[in-house]
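J.: Quick one, work_0.txt (compact mmCIF, C-alpha atoms and all ligand atoms):
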# COMPACT_ATOMS: atom_id res chain seq x y z
CA MET P 1 8.29 23.20 -11.15
CA GLY P 2 7.47 24.96 -14.27
CA ASN P 3 11.07 25.63 -15.19
CA CYS P 4 11.11 23.08 -17.89
CA CYS P 5 14.00 20.96 -16.87
CA ARG P 6 13.52 20.60 -13.16
CA ARG P 7 13.98 17.17 -11.67
CA PRO P 8 10.52 15.76 -11.07
CA PRO P 9 9.73 15.07 -7.41
CA ALA P 10 10.81 11.63 -6.27
CA ARG P 11 8.13 9.05 -6.78
CA CYS P 12 7.66 5.99 -4.65
CA ALA P 13 7.98 2.76 -6.54
CA HIS P 14 8.36 -0.14 -4.19
CA ALA P 15 7.49 -3.53 -5.49
CA SER P 16 5.01 -5.26 -3.22
CA SER P 17 2.23 -7.32 -4.66
CA SER P 18 1.40 -7.20 -8.35
CA ASP P 19 -0.68 -4.39 -9.76
CA SER P 20 -3.99 -6.13 -9.59
CA ALA P 21 -6.82 -3.67 -9.95
CA LYS P 22 -9.85 -5.91 -10.20
CA PRO P 23 -12.07 -5.09 -13.13
CA SER P 24 -15.55 -4.40 -11.86
CA ASN P 25 -17.29 -4.27 -15.21
CA LYS P 26 -16.68 -4.36 -18.96
CA SER P 27 -15.36 -0.82 -19.10
CA SER P 28 -12.69 -1.44 -16.46
CA PHE P 29 -9.10 -0.42 -17.06
CA SER P 30 -7.87 -4.03 -17.18
CA ALA P 31 -10.37 -4.89 -19.92
CA PHE P 32 -9.36 -1.77 -21.80
CA GLN P 33 -5.67 -2.72 -21.76
CA SER P 34 -6.33 -6.04 -23.40
CA GLU P 35 -8.74 -4.67 -25.97
CA LEU P 36 -6.98 -1.36 -26.69
CA SER P 37 -10.34 0.06 -27.65
CA PHE P 38 -9.79 3.79 -27.63
CA SER P 39 -12.65 6.00 -26.66
CA GLY P 40 -14.43 7.17 -29.79
CA SER P 41 -14.64 10.75 -28.55
CA LEU P 42 -10.87 11.23 -28.73
CA LYS P 43 -9.12 12.49 -31.84
CA SER P 44 -6.12 10.72 -33.28
CA PHE P 45 -3.26 13.01 -34.39
CA ASN P 46 -0.26 12.49 -36.68
CA TYR P 47 3.16 12.71 -35.10
CA SER P 48 4.50 15.00 -37.83
CA ASP P 49 1.61 17.49 -37.34
CA LEU P 50 2.24 17.63 -33.59
CA LYS P 51 5.93 18.11 -34.24
CA THR P 52 5.21 21.09 -36.52
CA THR P 53 2.72 22.79 -34.23
CA THR P 54 5.14 22.65 -31.27
CA ARG P 55 7.97 24.10 -33.40
CA ASN P 56 9.76 20.78 -33.40
CA PHE P 57 9.03 20.26 -29.70
CA ARG P 58 10.65 23.51 -28.63
CA ASP P 59 7.73 25.37 -26.96
CA ILE P 60 8.05 23.75 -23.53
CA LEU P 61 5.44 24.36 -20.82
CA GLY P 62 6.92 22.03 -18.21
CA GLU P 63 8.43 18.64 -17.52
CA GLY P 64 7.39 15.69 -15.36
CA GLY P 65 8.25 12.03 -14.96
CA PHE P 66 6.32 11.16 -18.12
CA GLY P 67 8.23 13.58 -20.33
CA CYS P 68 7.95 17.20 -21.46
CA VAL P 69 4.74 19.15 -22.07
CA TYR P 70 4.71 21.52 -25.07
CA LYS P 71 2.41 24.25 -26.29
CA GLY P 72 0.72 23.54 -29.62
CA TRP P 73 -2.17 24.86 -31.71
CA LEU P 74 -5.30 23.34 -33.25
CA GLU P 75 -7.76 24.59 -35.85
CA VAL P 76 -11.08 25.69 -34.35
CA ASN P 77 -12.59 22.29 -35.29
CA MET P 78 -10.01 20.80 -32.83
CA SER P 79 -9.25 17.96 -35.26
CA THR P 80 -6.24 19.29 -37.08
CA SER P 81 -3.16 21.05 -35.85
CA THR P 82 -2.27 24.44 -37.21
CA LYS P 83 0.71 26.75 -37.32
CA PRO P 84 2.06 28.02 -33.98
CA GLY P 85 0.23 31.10 -32.70
CA SER P 86 -3.05 30.59 -34.60
CA GLY P 87 -6.28 28.78 -33.69
CA ILE P 88 -6.74 27.25 -30.23
CA ALA P 89 -3.84 26.64 -27.86
CA VAL P 90 -3.36 23.10 -26.53
CA ALA P 91 -0.86 21.33 -24.29
CA ILE P 92 0.92 18.32 -25.80
CA LYS P 93 2.58 15.78 -23.55
CA LYS P 94 5.23 13.55 -25.12
CA LEU P 95 6.17 10.29 -23.43
CA LYS P 96 9.94 9.88 -23.08
CA LEU P 97 10.98 6.55 -24.47
CA GLU P 98 12.83 5.71 -21.24
CA SER P 99 9.96 7.11 -19.13
CA PHE P 100 9.59 5.59 -15.71
CA GLN P 101 5.83 5.89 -15.92
CA GLY P 102 5.71 4.35 -19.33
CA HIS P 103 3.21 3.01 -21.72
CA LYS P 104 0.79 1.63 -19.13
CA GLU P 105 0.30 5.07 -17.64
CA TRP P 106 -0.25 6.54 -21.09
CA LEU P 107 -2.99 3.94 -21.58
CA ALA P 108 -4.57 4.70 -18.21
CA GLU P 109 -4.67 8.39 -19.08
CA VAL P 110 -6.38 7.68 -22.41
CA PHE P 111 -8.79 5.26 -20.75
CA TYR P 112 -9.92 7.49 -17.89
CA LEU P 113 -9.73 10.96 -19.44
CA GLY P 114 -11.12 9.56 -22.71
CA GLN P 115 -14.43 8.74 -21.07
CA LEU P 116 -14.71 10.97 -18.00
CA ARG P 117 -15.91 14.52 -18.43
CA HIS P 118 -16.20 16.91 -15.48
CA GLU P 119 -15.53 20.61 -15.01
CA ASN P 120 -12.74 19.79 -12.54
CA LEU P 121 -10.92 17.28 -14.75
CA VAL P 122 -8.64 18.53 -17.51
CA LYS P 123 -10.03 17.76 -20.94
CA LEU P 124 -8.12 15.26 -23.07
CA ILE P 125 -8.68 16.14 -26.72
CA GLY P 126 -6.75 13.36 -28.40
CA TYR P 127 -3.65 11.25 -28.65
CA CYS P 128 -0.95 10.12 -31.04
CA SER P 129 0.25 6.52 -31.13
CA GLU P 130 2.63 6.13 -34.05
CA SER P 131 5.42 3.52 -33.93
CA ASN P 132 7.21 4.24 -30.61
CA ASN P 133 5.75 7.72 -30.17
CA ARG P 134 3.08 8.26 -27.53
CA LEU P 135 1.61 11.74 -27.13
CA LEU P 136 -1.46 13.25 -25.51
CA VAL P 137 -3.22 16.47 -26.48
CA TYR P 138 -5.06 18.41 -23.74
CA GLU P 139 -6.91 21.66 -23.35
CA PHE P 140 -4.39 24.37 -22.52
CA MET P 141 -4.55 25.64 -18.94
CA PRO P 142 -3.25 29.22 -19.08
CA ARG P 143 -2.19 29.52 -15.44
CA GLY P 144 -0.26 26.26 -15.38
CA CYS P 145 -0.05 24.20 -12.22
CA LEU P 146 -0.81 25.11 -8.60
CA GLU P 147 2.74 24.20 -7.61
CA ASN P 148 4.09 27.20 -9.54
CA HIS P 149 1.68 29.60 -7.85
CA LEU P 150 2.35 28.37 -4.33
CA PHE P 151 6.08 27.82 -4.33
CA ARG P 152 7.76 29.59 -7.20
CA ARG P 153 9.80 32.68 -6.31
CA GLY P 154 8.58 35.99 -7.73
CA VAL P 155 5.05 34.77 -8.44
CA GLN P 156 2.17 36.90 -7.10
CA PRO P 157 0.75 35.05 -4.06
CA ILE P 158 -2.78 33.73 -4.51
CA SER P 159 -5.42 35.04 -2.09
CA TRP P 160 -7.19 33.07 0.61
CA THR P 161 -10.45 33.12 -1.37
CA THR P 162 -8.72 31.73 -4.45
CA ARG P 163 -6.99 29.05 -2.37
CA MET P 164 -10.34 27.97 -0.95
CA SER P 165 -11.99 27.84 -4.35
CA ILE P 166 -9.06 25.78 -5.67
CA ALA P 167 -9.46 23.36 -2.73
CA ILE P 168 -13.19 23.12 -3.51
CA GLY P 169 -12.55 22.46 -7.20
CA VAL P 170 -10.07 19.69 -6.36
CA ALA P 171 -12.45 18.16 -3.78
CA ARG P 172 -15.25 18.26 -6.35
CA GLY P 173 -13.11 16.47 -8.93
CA ILE P 174 -12.00 13.74 -6.51
CA SER P 175 -15.50 13.35 -5.11
CA PHE P 176 -16.82 12.86 -8.65
CA LEU P 177 -14.27 10.05 -9.22
CA HIS P 178 -14.98 8.31 -5.91
CA ASN P 179 -18.72 8.39 -6.52
CA LEU P 180 -18.55 6.69 -9.93
CA ASP P 181 -19.75 3.05 -10.06
CA THR P 182 -16.12 1.95 -10.36
CA HIS P 183 -15.03 4.22 -7.42
CA VAL P 184 -12.04 5.51 -9.33
CA ILE P 185 -8.99 6.23 -7.15
CA TYR P 186 -6.85 9.03 -8.54
CA ARG P 187 -3.65 8.07 -6.66
CA ASP P 188 -1.52 11.02 -7.78
CA LEU P 189 -2.99 14.08 -6.10
CA LYS P 190 -0.32 16.77 -5.70
CA ALA P 191 0.13 20.47 -6.40
CA SER P 192 1.82 19.87 -9.78
CA ASN P 193 -1.16 17.83 -11.01
CA ILE P 194 -3.67 20.57 -10.24
CA LEU P 195 -3.94 22.82 -13.29
CA LEU P 196 -5.53 26.27 -13.32
CA ASP P 197 -7.52 27.99 -16.04
CA SER P 198 -7.48 31.75 -16.59
CA ASP P 199 -9.97 32.24 -13.71
CA PHE P 200 -8.01 29.96 -11.35
CA ASN P 201 -10.56 27.15 -11.66
CA ALA P 202 -8.81 23.93 -10.67
CA LYS P 203 -8.72 20.82 -12.85
CA LEU P 204 -7.06 17.49 -12.13
CA SER P 205 -4.57 16.24 -14.68
CA ASP P 206 -2.49 13.06 -14.96
CA PHE P 207 -4.62 9.94 -14.67
CA GLY P 208 -1.70 7.62 -15.39
CA LEU P 209 -1.83 6.13 -11.90
CA ALA P 210 -5.64 6.08 -11.54
CA ARG P 211 -7.29 2.71 -10.90
CA ASP P 212 -10.80 1.39 -10.43
CA GLY P 213 -11.42 1.16 -6.69
CA PRO P 214 -12.74 -1.77 -4.64
CA THR P 215 -16.33 -2.83 -5.21
CA GLY P 216 -18.64 -5.33 -3.53
CA ASP P 217 -17.14 -6.89 -0.41
CA ASN P 218 -13.58 -5.84 -1.25
CA THR P 219 -12.13 -3.28 1.13
CA HIS P 220 -9.12 -2.32 -0.98
CA ILE P 221 -7.21 -3.11 -4.13
CA SER P 222 -3.61 -4.32 -3.98
CA THR P 223 -1.12 -2.49 -6.14
CA ARG P 224 2.54 -1.88 -6.60
CA VAL P 225 3.26 1.24 -4.53
CA VAL P 226 3.59 4.22 -6.83
CA GLY P 227 2.95 7.90 -6.26
CA THR P 228 4.92 10.86 -4.98
CA GLN P 229 6.86 11.06 -1.72
CA GLY P 230 5.05 12.98 0.96
CA TYR P 231 1.65 12.86 -0.77
CA ALA P 232 1.06 9.09 -0.65
CA ALA P 233 -0.91 7.81 2.37
CA PRO P 234 1.26 6.01 4.95
CA GLU P 235 -0.79 2.78 5.02
CA TYR P 236 -0.66 2.58 1.22
CA VAL P 237 3.12 3.02 1.22
CA ALA P 238 3.44 0.36 3.92
CA THR P 239 1.09 -2.28 2.46
CA GLY P 240 0.20 -1.41 -1.16
CA HIS P 241 -3.47 -1.52 -0.11
CA LEU P 242 -5.24 1.24 -1.98
CA THR P 243 -8.62 2.76 -1.08
CA THR P 244 -10.39 6.03 -1.79
CA LYS P 245 -9.11 7.16 1.62
CA SER P 246 -5.59 7.23 0.12
CA ASP P 247 -6.77 10.14 -2.04
CA VAL P 248 -8.27 11.79 1.05
CA TYR P 249 -4.84 11.74 2.72
CA SER P 250 -3.19 13.30 -0.36
CA PHE P 251 -5.94 15.92 -0.38
CA GLY P 252 -5.04 16.74 3.25
CA VAL P 253 -1.44 17.31 2.15
CA VAL P 254 -2.52 19.65 -0.67
CA LEU P 255 -4.80 21.54 1.73
CA LEU P 256 -1.86 21.95 4.09
CA GLU P 257 0.27 23.28 1.23
CA LEU P 258 -2.49 25.79 0.40
CA LEU P 259 -2.63 26.95 4.01
CA SER P 260 1.10 27.10 4.69
CA GLY P 261 2.59 27.89 1.28
CA LYS P 262 5.21 25.24 2.06
CA ARG P 263 6.06 22.15 0.04
CA VAL P 264 5.33 18.77 1.59
CA MET P 265 9.01 17.87 1.25
CA ASP P 266 11.37 20.81 1.57
CA GLU P 267 14.75 20.10 3.07
CA ASP P 268 15.72 23.80 3.12
CA LYS P 269 12.71 24.96 5.11
CA LEU P 270 11.71 21.90 7.08
CA GLY P 271 14.97 20.05 7.61
CA PHE P 272 16.06 16.76 6.16
CA GLU P 273 14.02 14.46 8.38
CA GLU P 274 10.81 16.41 8.65
CA THR P 275 7.84 16.55 6.28
CA LEU P 276 5.27 19.34 6.23
CA VAL P 277 2.76 16.94 7.78
CA ASP P 278 5.07 16.13 10.74
CA TRP P 279 5.79 19.81 11.27
CA ALA P 280 2.21 21.10 11.01
CA ARG P 281 0.20 18.32 12.64
CA PRO P 282 0.57 19.55 16.26
CA PHE P 283 -0.86 22.97 15.27
CA LEU P 284 -3.76 21.91 13.06
CA ASN P 285 -6.31 21.26 15.76
CA ASP P 286 -5.13 24.09 17.98
CA ILE P 287 -7.34 27.17 17.62
CA ARG P 288 -4.54 29.66 18.33
CA GLY P 289 -1.52 27.64 17.23
CA VAL P 290 -2.89 27.08 13.73
CA LEU P 291 -2.12 30.66 12.72
CA ARG P 292 1.59 29.83 13.13
CA ILE P 293 1.55 27.54 10.13
CA MET P 294 -0.14 30.03 7.78
CA ASP P 295 1.60 31.30 4.66
CA THR P 296 3.16 34.65 5.60
CA ARG P 297 2.65 35.80 1.98
CA LEU P 298 -1.07 36.04 2.77
CA GLY P 299 -0.19 38.93 5.11
CA GLY P 300 -2.82 37.82 7.62
CA GLN P 301 -5.58 38.43 5.04
CA TYR P 302 -7.87 35.54 5.89
CA PRO P 303 -10.89 34.91 8.13
CA LYS P 304 -9.51 33.18 11.20
CA LYS P 305 -12.56 30.99 11.75
CA ALA P 306 -12.38 29.68 8.20
CA VAL P 307 -8.66 29.00 8.60
CA GLN P 308 -9.33 27.06 11.78
CA GLY P 309 -12.07 25.07 10.03
CA ALA P 310 -9.84 24.28 7.04
CA ALA P 311 -6.94 23.28 9.31
CA ALA P 312 -9.21 21.00 11.37
CA LEU P 313 -10.36 19.42 8.12
CA ALA P 314 -6.74 18.88 7.00
CA PHE P 315 -6.08 17.27 10.38
CA GLN P 316 -8.91 14.78 9.80
CA CYS P 317 -7.79 14.02 6.24
CA LEU P 318 -4.24 13.35 7.48
CA HIS P 319 -5.25 10.87 10.17
CA THR P 320 -2.86 7.94 10.11
CA ASP P 321 -5.78 5.51 10.32
CA PRO P 322 -7.77 5.74 7.05
CA LYS P 323 -11.05 4.81 8.70
CA TYR P 324 -11.02 8.10 10.62
CA ARG P 325 -10.50 10.17 7.50
CA PRO P 326 -13.70 11.75 6.14
CA LEU P 327 -15.23 10.74 2.82
CA MET P 328 -14.41 13.08 -0.05
CA LYS P 329 -18.03 14.16 -0.40
CA ASP P 330 -17.99 15.28 3.25
CA VAL P 331 -14.69 17.08 2.71
CA LEU P 332 -16.32 18.93 -0.18
CA ALA P 333 -19.42 19.80 1.88
CA THR P 334 -17.28 21.14 4.73
CA LEU P 335 -15.16 23.30 2.42
CA GLU P 336 -18.24 24.70 0.67
CA GLN P 337 -19.77 25.51 4.03
CA LEU P 338 -16.60 27.28 5.18
CA HIS P 339 -16.30 29.15 1.91
CA ASN P 340 -19.91 30.27 1.58
CA SER P 341 -20.90 30.94 5.13
CA LYS P 342 -20.40 34.43 6.47
CA ASP P 343 -20.60 32.81 9.88
CA THR P 344 -17.33 30.92 9.66
CA ARG P 345 -17.83 29.78 13.22
CA THR P 346 -19.69 26.78 11.81
CA PRO P 347 -17.53 23.81 12.84
CA PRO P 348 -16.51 21.33 10.12
CA LYS P 349 -18.43 18.10 9.84
CA THR P 350 -16.83 15.56 12.14
CA PRO P 351 -16.13 11.96 11.12
CA PRO P 352 -16.36 9.13 13.71
CA ARG P 353 -14.54 10.04 16.93
CA ALA P 354 -10.93 8.99 16.60
CA PRO P 355 -8.58 7.93 19.37
CA PRO P 356 -5.86 10.54 20.09
CA GLU P 357 -2.87 10.37 17.75
CA ARG P 358 0.40 9.27 19.31
CA PRO P 359 3.47 11.07 17.95
CA ASP P 360 5.24 8.74 15.55
CA HIS P 361 8.96 8.80 16.21
CA ARG P 362 9.70 6.23 13.50
CA ARG P 363 9.86 8.72 10.68
CA ARG P 364 10.46 7.13 7.39
CA ARG P 365 11.12 8.33 3.88
CA HIS P 366 9.91 6.32 0.96
N1 LIG F 401 -2.89 21.12 -19.96
C1 LIG F 401 -1.86 21.88 -19.60
N2 LIG F 401 -1.89 23.22 -19.81
C2 LIG F 401 -0.85 24.01 -19.45
N3 LIG F 401 0.26 23.55 -18.83
C3 LIG F 401 0.35 22.23 -18.58
C4 LIG F 401 -0.69 21.33 -18.96
N4 LIG F 401 -0.33 20.08 -18.58
C5 LIG F 401 0.86 20.20 -18.00
N5 LIG F 401 1.29 21.49 -18.00
C6 LIG F 401 2.56 22.02 -17.47
O1 LIG F 401 3.55 21.02 -17.60
C7 LIG F 401 4.08 20.71 -16.33
C8 LIG F 401 4.52 19.25 -16.30
O2 LIG F 401 3.39 18.43 -16.21
P1 LIG F 401 3.49 16.88 -15.95
O3 LIG F 401 2.14 16.42 -15.61
O4 LIG F 401 4.16 16.22 -17.09
O5 LIG F 401 4.51 16.75 -14.75
P2 LIG F 401 4.37 16.88 -13.16
O6 LIG F 401 2.94 16.86 -12.77
O7 LIG F 401 5.16 18.05 -12.74
O8 LIG F 401 5.12 15.60 -12.65
P3 LIG F 401 4.63 14.10 -12.67
O9 LIG F 401 5.10 13.51 -13.94
O10 LIG F 401 5.29 13.52 -11.50
O11 LIG F 401 3.13 14.12 -12.60
C9 LIG F 401 2.97 21.06 -15.36
O12 LIG F 401 3.42 21.26 -14.09
C10 LIG F 401 2.42 22.33 -16.00
O13 LIG F 401 3.21 23.45 -15.64
MG MG F 402 1.54 15.98 -13.63
Rewrite the structure of this file - the entire thing - as C-alpha cells.
Ligand SMILES: Nc1ncnc2c1ncn2[C@@H]1O[C@H](COP(=O)(O)OP(=O)(O)OP(=O)(O)O)[C@@H](O)[C@H]1O
Ligand SMILES: [Mg+2]
T.:
Amino acid sequence: MGNCCRRPPARCAHASSSDSAKPSNKSSFSAFQSELSFSGSLKSFNYSDLKTTTRNFRDILGEGGFGCVYKGWLEVNMSTSTKPGSGIAVAIKKLKLESFQGHKEWLAEVFYLGQLRHENLVKLIGYCSESNNRLLVYEFMPRGCLENHLFRRGVQPISWTTRMSIAIGVARGISFLHNLDTHVIYRDLKASNILLDSDFNAKLSDFGLARDGPTGDNTHISTRVVGTQGYAAPEYVATGHLTTKSDVYSFGVVLLELLSGKRVMDEDKLGFEETLVDWARPFLNDIRGVLRIMDTRLGGQYPKKAVQGAAALAFQCLHTDPKYRPLMKDVLATLEQLHNSKDTRTPPKTPPRAPPERPDHRRRRH
C-alpha cells in the first residue's frame, strides 16, 4: 500500500441476507440515509476549490477501493481551501464513479465521522457533494497508514513500544465505538485503515462499512458480507451475522500483524493456502514457541513476557467461537497493563474458559 496505484486488497462481498442494520434511535444510520441530514459540524466544500488545492487531483497520498486520496490545503479557519503548500494540510478522498464501495459508504462515513469525535478516530473536516462528485476532507495524518510501516520495503521498522502504543490506540478507538449507546461496529479494521500522526498515535479511518450494533434482545445484526479477506471474522463470513466480536477478531489479526510483521494474506511468505492466522495460531499460546512468530526486524528488542501476554491476547481474540473472544474494553485493559507494567509477568485477563480448539482442515478463502 501507499504506492498510489496498488490493487486494493480483495474485499469479501457475498450476498446473503439484505443489509438490515436495525435503527436503534433517531440518530441511527438508516434514519440518516432517508433524511440526508448532514451533521452541522461538517464543512461543505466546492468541487472546483478541492480540484485546485490538489493540483487537479495530482498530489496522491494513496489509493483504496473507494478511490484515490490526495493531499490538499486549507486556510487556518479550515473553511476554505488555499493554494498548495500553504495553510493546513488535509487529505481529500475522491469517490470513483464506478467505486465498489459506492455512495452508501460515503454516506456512512459522513454520518459516523460527522458526529463522533475521539482522539483515536481520524477527524472528518468536511465533504463535497456536487452533481456526481463525492469527496471527503480529513485531517492529514503525516505518517500515513500502519500497513506502510509494517510491510513496505525500505521503511524503518517500528519499535516494540510503538507497536504496543499503536495497538492500545486502536483498542481505545474500537472500545469507544462499542461502548456507545448504538454499539457501533466498525467492520473494516485492518492495517491500511489505521492512520498515524507525526508521533505515531493511531487513528481509525474509513467508516464506510460501520453499522449500529444490536441492541435490546438482539444478539446480532444481519448484513451483506463485506470487509477484507483475512480480517473478517469467520462466523460473519459464513452467516452475515455481525456483532462487536467481529471487530475483536479483526483486532486479533492486526495484533498478529504487529507482532509478526507479516501480512494476513501473503502468498509469497505464507503459501497460497495459508493465512497468517492459520500459520501463527499453534504458537500463540506457547510460551517458548511464540518467539518464532516475531518480526525479525525487531532484532529481538522486546520484553519476552510482554510478547507472550500480547500473543496470548491475540489467541483469545482469534477464537473461532465469538463468545470466547474478550470484550474490547478488556482487550484494552490487558494491553495497557502489559504496556505500563514493569512486571510483565502479569498474565492477561482471561475470558470464560474455552474448549480446546480443533485444527480446522477445511480452509476456505472468501
Ligand atoms: N487522512 C489521511 N492522511 C494521510 N494519508 C491518508 C489519509 N487517509 C488515507 N491516506 C492514505 O491513503 C491510502 C488509501 O486510503 P483508503 O482508505 O482510500 O484505502 P485503503 O484503506 O488502502 O483501502 P480500502 O478502500 O479497502 O479501505 C491510505 O492507506 C493512506 O496511505
Ligand atoms: Mg482505508
J.: Which residue, P:Val290, P:Val331, P:Leu97, P:Ala191, has the smallest gap to Ala311 of chain P when you use only C-alpha atoms?
T.: P:Val290
J.: For atom CA of Ala210 of chain P and atom CA of His339 of chain P, determine how far apart the two atoms are, in Å to one decimal place.
T.: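 Here the two named atoms are 28.8 Å from each other.
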J.: Which of these residues is nearest to ligand LIG 401 (chain F), using all atoms listed in the file: P:Gly227, P:Pro282, P:Gly261, P:Gly114?
T.: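 Using all atoms listed in the file, the shortest distance to ligand LIG 401 (chain F) belongs to P:Gly227.
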J.: Write as a PyMOL selection string the residues around ligand LIG 401 (chain F), taking 7 Å as the cut-off and counting all atoms listed in the file.
T.: chain P and resi 1-2+8-9+61-69+90-91+93+122+138-145+192-193+195+205-206
J.: Please dump the current selection as a short mmCIF file (atom, residue, chain, number, x, y, z; two decimals), keeping the file's coordinate frame; keep C-alpha atoms.
T.:
data_model
loop_
_atom_site.label_atom_id
_atom_site.label_comp_id
_atom_site.auth_asym_id
_atom_site.auth_seq_id
_atom_site.Cartn_x
_atom_site.Cartn_y
_atom_site.Cartn_z
CA MET P 1 8.29 23.20 -11.15
CA GLY P 2 7.47 24.96 -14.27
CA PRO P 8 10.52 15.76 -11.07
CA PRO P 9 9.73 15.07 -7.41
CA LEU P 61 5.44 24.36 -20.82
CA GLY P 62 6.92 22.03 -18.21
CA GLU P 63 8.43 18.64 -17.52
CA GLY P 64 7.39 15.69 -15.36
CA GLY P 65 8.25 12.03 -14.96
CA PHE P 66 6.32 11.16 -18.12
CA GLY P 67 8.23 13.58 -20.33
CA CYS P 68 7.95 17.20 -21.46
CA VAL P 69 4.74 19.15 -22.07
CA VAL P 90 -3.36 23.10 -26.53
CA ALA P 91 -0.86 21.33 -24.29
CA LYS P 93 2.58 15.78 -23.55
CA VAL P 122 -8.64 18.53 -17.51
CA TYR P 138 -5.06 18.41 -23.74
CA GLU P 139 -6.91 21.66 -23.35
CA PHE P 140 -4.39 24.37 -22.52
CA MET P 141 -4.55 25.64 -18.94
CA PRO P 142 -3.25 29.22 -19.08
CA ARG P 143 -2.19 29.52 -15.44
CA GLY P 144 -0.26 26.26 -15.38
CA CYS P 145 -0.05 24.20 -12.22
CA SER P 192 1.82 19.87 -9.78
CA ASN P 193 -1.16 17.83 -11.01
CA LEU P 195 -3.94 22.82 -13.29
CA SER P 205 -4.57 16.24 -14.68
CA ASP P 206 -2.49 13.06 -14.96
#
J.: Compile the contact shell of Asn132 of chain P as a ChimeraX atom specification: residues with an atom at most 12 Å away, counting all atoms listed in the file, same-chain residues fewer than 5 positions apart removed.
T.: /P:47,94-98,102-103
J.: In terms of the shortest atom-to-atom distance over only C-alpha atoms and all ligand atoms, which of P:Arg117, P:Lys71, P:Lys190, P:Arg325 is closest to ligand MG 402 (chain F)?
T.: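 When distances to ligand MG 402 (chain F) are compared using only C-alpha atoms and all ligand atoms, the smallest one comes from P:Lys190.
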J.: Calculate how many Å separate atom CA of Ser250 of chain P from atom CA of Arg187 of chain P, rounding to one decimal.
T.: 8.2 Å
